[in-house]
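Worksheet: one structure, shown below.
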Amino acid sequence: GAVVSQHPSWVICKSGTSVKIECRSLDFQATTMFWYRQFPKQSLMLMATSNEGSKATYEQGVEKDKFLINHASLTLSTLTVTSAHPEDSSFYICSATRTRGNNEQFFGPGTRLTVL
Amino acid sequence: GDSVTQMEGPVTLSEEAFLTINCTYTATGYPSLFWYVQYPGEGLQLLLKATKADDKGSNKGFEATYRKETTSFHLEKGSVQVSDSAVYFCALSGRGGANNLFFGTGTRLTVIP
């Protein structure tokens with residue numbers, strides 16, 4: 001149990017377009033989901049914490065108007081990169097914690113975004 | 001602030017060799033420490049953890065001991081297998097519990113037959 005999926009696994013888009021990435025908990029309910037960003041050879045950096053039914057909490061330096069997060073159900077959170085630019089190219093990873101659990105985070109496989 | 005410094009890779013070992021991946025941390029207070037593993041094409045999985053000083057986390061033959069005096073949490077395995085090939089991440093939870101995870105850069109391990 002505790003499987004998290006992401007879709008798509010990779011996406012290429014043109015500069016100026018918006019891209020939506022989905023994060024789903026497949027076999028558990030997740031009140032809280034997290035979005036991370038990973039640059040090559042660097043750590044995962046937490047971007048935001050998403051709670052079902054409420055606004056996401058963004059980390060310092062992350063533009064909330066650029067990275068829109070929606071957590072409309074207990075099994076789905078979406079990250080939309082608006083007006084994407086080449087510097088937004090990165091590996092985006094989500095994780096989720098069980099609604100009834102010990103705060104352990106279960107991670108998705110990640111989404112590779114390339115902005116041309 | 002809280003941070004994790006992890007041994008850079010990649011690391012290539014022959015099967016049955018001994019593995020050490022170094023990890024040191026900087027944190028205020030008393031964080032919990034974690035090792036995550038990411039197999040090709042999969043998400044990060046929790047490998048082991050330790051929540052207080054001198055605790056030893058262990059799983060699948062891997063071990064790490066929470067050393068407060070040296071602020072370290074080195075990952076070890078006595079005899080690696082080809083199936084251990086993966087990327088390993090050291091992490092700590094800062095203030096706020098497991099919701100605030102700080103990761104190292106990851107170390108890619110390749111085990112050759």
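As shown in the structure tokens, the chain order sets the letters A, B, ...; within each chain, residues go from 1, and ligands are also counted from 1 in the order they appear.
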| request: Give the residues of chain B that lie within 10 Å of chain A; count only C-alpha atoms, and format the answer as a PyMOL selection string. | output: chain B and resi 4-6+8-9+38-46+89-91+97-107
Can you list, as a compact mmCIF listing (two decimals) with N, CA and C atoms, in the first residue's frame, every protein, DNA or RNA residue that comes within 6 Å of Phe73 in chain B when you count only C-alpha atoms, leaving out same-chain residues fewer than 2 positions away?
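Written out: selection.txt:
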# COMPACT_ATOMS: atom_id res chain seq x y z
N CYS B 23 26.94 10.93 5.45
CA CYS B 23 25.93 11.98 5.57
C CYS B 23 26.17 12.73 6.87
N ALA B 64 22.21 2.56 9.74
CA ALA B 64 22.76 3.90 9.98
C ALA B 64 22.52 4.25 11.44
N THR B 65 23.53 4.85 12.07
CA THR B 65 23.44 5.21 13.48
C THR B 65 23.45 6.72 13.63
N TYR B 66 22.53 7.22 14.39
CA TYR B 66 22.39 8.66 14.66
C TYR B 66 23.49 9.06 15.65
| query | Residues at most 7 Å from range 26-33 of chain B, counting only C-alpha atoms, excluding those fewer than 4 positions away in the same chain, as number ranges by chain? | reply | B: 1-4, 49-52, 91-94
| task | Quick one: pick out all strand (DSSP E or B) residues within chain B from a backbone DSSP run and write them as a PyMOL selection string. | result | chain B and resi 3-6+11-14+19-21+23-26+32-38+45-50+56-59+62-65+67+72+75-77+86-93+101-103+107-112
What's the 7 Å shell around Val81 in chain A, counting only C-alpha atoms, without same-chain residues fewer than 2 positions away, as a compact mmCIF listing (two decimals) with N, CA and C atoms, in the first residue's frame?
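Wrote selection_21.txt, looks like this:
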# COMPACT_ATOMS: atom_id res chain seq x y z
N SER A 18 1.14 26.90 -20.23
CA SER A 18 0.96 26.39 -18.86
C SER A 18 0.92 24.87 -18.89
N VAL A 19 1.43 24.28 -17.85
CA VAL A 19 1.51 22.82 -17.75
C VAL A 19 0.94 22.38 -16.42
N LYS A 20 0.09 21.36 -16.44
CA LYS A 20 -0.50 20.83 -15.21
C LYS A 20 0.09 19.46 -14.92
N LYS A 66 2.80 31.69 -9.91
CA LYS A 66 3.41 30.95 -11.01
C LYS A 66 3.17 29.46 -10.85
N PHE A 67 3.24 29.01 -9.63
CA PHE A 67 3.06 27.58 -9.34
C PHE A 67 1.75 27.42 -8.57
N LEU A 68 0.68 27.18 -9.33
CA LEU A 68 -0.65 27.08 -8.74
C LEU A 68 -0.90 25.65 -8.26
N LEU A 79 -0.36 20.55 -9.64
CA LEU A 79 0.57 21.68 -9.71
C LEU A 79 0.52 22.20 -11.14
N SER A 83 2.60 30.09 -17.50
CA SER A 83 3.51 30.85 -18.33
C SER A 83 4.95 30.34 -18.15
N ALA A 84 5.12 29.09 -18.48
CA ALA A 84 6.41 28.44 -18.22
C ALA A 84 7.54 29.05 -19.04
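For His7 in chain A, the residues within 9 Å (counting only C-alpha atoms, excluding itself and residues fewer than 6 positions away along the chain) are A:Lys20, A:Ile21, A:Glu22, A:Cys23, A:Arg24, A:Gly110, A:Thr111.
The spacing separating CA of Lys56 in chain B from CA of Ala17 in chain B amounts to 21.3 Å.
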| said: Report as a VMD selection string all protein, DNA and RNA residues lying within 7 Å of Lys77 in chain B, evaluated on only C-alpha atoms, omitting residues in the same chain fewer than 4 positions from it. | reply: chain B and resid 18 to 20 61 to 63
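Proximity to Pro8 in chain A was assessed for A:Thr78, A:Thr99, A:Ser73, A:Ser50 counting only C-alpha atoms; the smallest distance is recorded for A:Thr78.
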| task | For Glu16 in chain B, work out the shell of residues within 12 Å, counting only C-alpha atoms and skipping chain neighbours fewer than 2 positions away, then give it as number ranges by chain. | result | B: 12-14, 18-19, 61, 77-84, 111-113
Just to be explicit: take each residue in the selection above, keep N, CA, C and O atoms, and write the result as an mmCIF file, in the first residue's frame.
data_model
loop_
_atom_site.group_PDB
_atom_site.id
_atom_site.type_symbol
_atom_site.label_atom_id
_atom_site.label_comp_id
_atom_site.auth_asym_id
_atom_site.auth_seq_id
_atom_site.Cartn_x
_atom_site.Cartn_y
_atom_site.Cartn_z
ATOM 1 N N THR B 12 30.490 3.200 -7.530
ATOM 2 C CA THR B 12 30.403 1.921 -8.241
ATOM 3 C C THR B 12 31.133 0.864 -7.420
ATOM 4 O O THR B 12 32.304 1.060 -7.060
ATOM 5 N N LEU B 13 30.435 -0.210 -7.108
ATOM 6 C CA LEU B 13 31.009 -1.288 -6.302
ATOM 7 C C LEU B 13 30.753 -2.629 -6.964
ATOM 8 O O LEU B 13 29.771 -2.797 -7.700
ATOM 9 N N SER B 14 31.599 -3.556 -6.664
ATOM 10 C CA SER B 14 31.353 -4.932 -7.085
ATOM 11 C C SER B 14 30.410 -5.600 -6.101
ATOM 12 O O SER B 14 30.330 -5.219 -4.924
ATOM 13 N N PHE B 18 31.628 -3.856 0.556
ATOM 14 C CA PHE B 18 31.090 -3.078 1.677
ATOM 15 C C PHE B 18 30.760 -1.669 1.208
ATOM 16 O O PHE B 18 31.519 -1.053 0.472
ATOM 17 N N LEU B 19 29.616 -1.177 1.675
ATOM 18 C CA LEU B 19 29.164 0.147 1.255
ATOM 19 C C LEU B 19 29.128 1.102 2.437
ATOM 20 O O LEU B 19 28.629 0.754 3.518
ATOM 21 N N GLY B 61 19.311 -5.030 5.320
ATOM 22 C CA GLY B 61 20.756 -5.160 5.455
ATOM 23 C C GLY B 61 21.495 -3.839 5.575
ATOM 24 O O GLY B 61 22.696 -3.813 5.842
ATOM 25 N N LYS B 77 26.271 -0.930 4.447
ATOM 26 C CA LYS B 77 25.777 -2.284 4.182
ATOM 27 C C LYS B 77 26.990 -3.175 3.985
ATOM 28 O O LYS B 77 27.926 -2.819 3.263
ATOM 29 N N GLY B 78 26.947 -4.317 4.596
ATOM 30 C CA GLY B 78 28.114 -5.180 4.601
ATOM 31 C C GLY B 78 28.402 -5.872 3.274
ATOM 32 O O GLY B 78 29.560 -6.135 2.932
ATOM 33 N N SER B 79 27.350 -6.133 2.502
ATOM 34 C CA SER B 79 27.542 -6.893 1.264
ATOM 35 C C SER B 79 26.446 -6.466 0.273
ATOM 36 O O SER B 79 25.304 -6.905 0.397
ATOM 37 N N VAL B 80 26.833 -5.627 -0.667
ATOM 38 C CA VAL B 80 25.820 -5.084 -1.573
ATOM 39 C C VAL B 80 25.496 -6.073 -2.697
ATOM 40 O O VAL B 80 26.312 -6.927 -3.056
ATOM 41 N N GLN B 81 24.306 -5.921 -3.221
ATOM 42 C CA GLN B 81 23.840 -6.748 -4.322
ATOM 43 C C GLN B 81 23.524 -5.858 -5.523
ATOM 44 O O GLN B 81 23.305 -4.651 -5.372
ATOM 45 N N VAL B 82 23.440 -6.480 -6.685
ATOM 46 C CA VAL B 82 23.118 -5.722 -7.897
ATOM 47 C C VAL B 82 21.787 -4.985 -7.719
ATOM 48 O O VAL B 82 21.617 -3.850 -8.175
ATOM 49 N N SER B 83 20.857 -5.615 -7.012
ATOM 50 C CA SER B 83 19.533 -5.018 -6.810
ATOM 51 C C SER B 83 19.552 -3.791 -5.901
ATOM 52 O O SER B 83 18.532 -3.090 -5.785
ATOM 53 N N ASP B 84 20.686 -3.518 -5.270
ATOM 54 C CA ASP B 84 20.819 -2.309 -4.444
ATOM 55 C C ASP B 84 21.148 -1.075 -5.278
ATOM 56 O O ASP B 84 21.208 0.038 -4.741
ATOM 57 N N VAL B 111 25.971 -1.238 -8.559
ATOM 58 C CA VAL B 111 26.646 -2.460 -8.143
ATOM 59 C C VAL B 111 26.776 -3.359 -9.363
ATOM 60 O O VAL B 111 25.782 -3.654 -10.036
ATOM 61 N N ILE B 112 27.992 -3.751 -9.651
ATOM 62 C CA ILE B 112 28.241 -4.573 -10.834
ATOM 63 C C ILE B 112 28.503 -6.022 -10.419
ATOM 64 O O ILE B 112 29.095 -6.268 -9.364
ATOM 65 N N PRO B 113 28.042 -6.953 -11.231
ATOM 66 C CA PRO B 113 28.195 -8.386 -10.880
ATOM 67 C C PRO B 113 29.668 -8.797 -10.842
ATOM 68 O O PRO B 113 30.493 -8.230 -11.547
#
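Rounded to one decimal, CA of Thr82 in chain A and CA of Asn70 in chain A lie 13.2 Å from each other.
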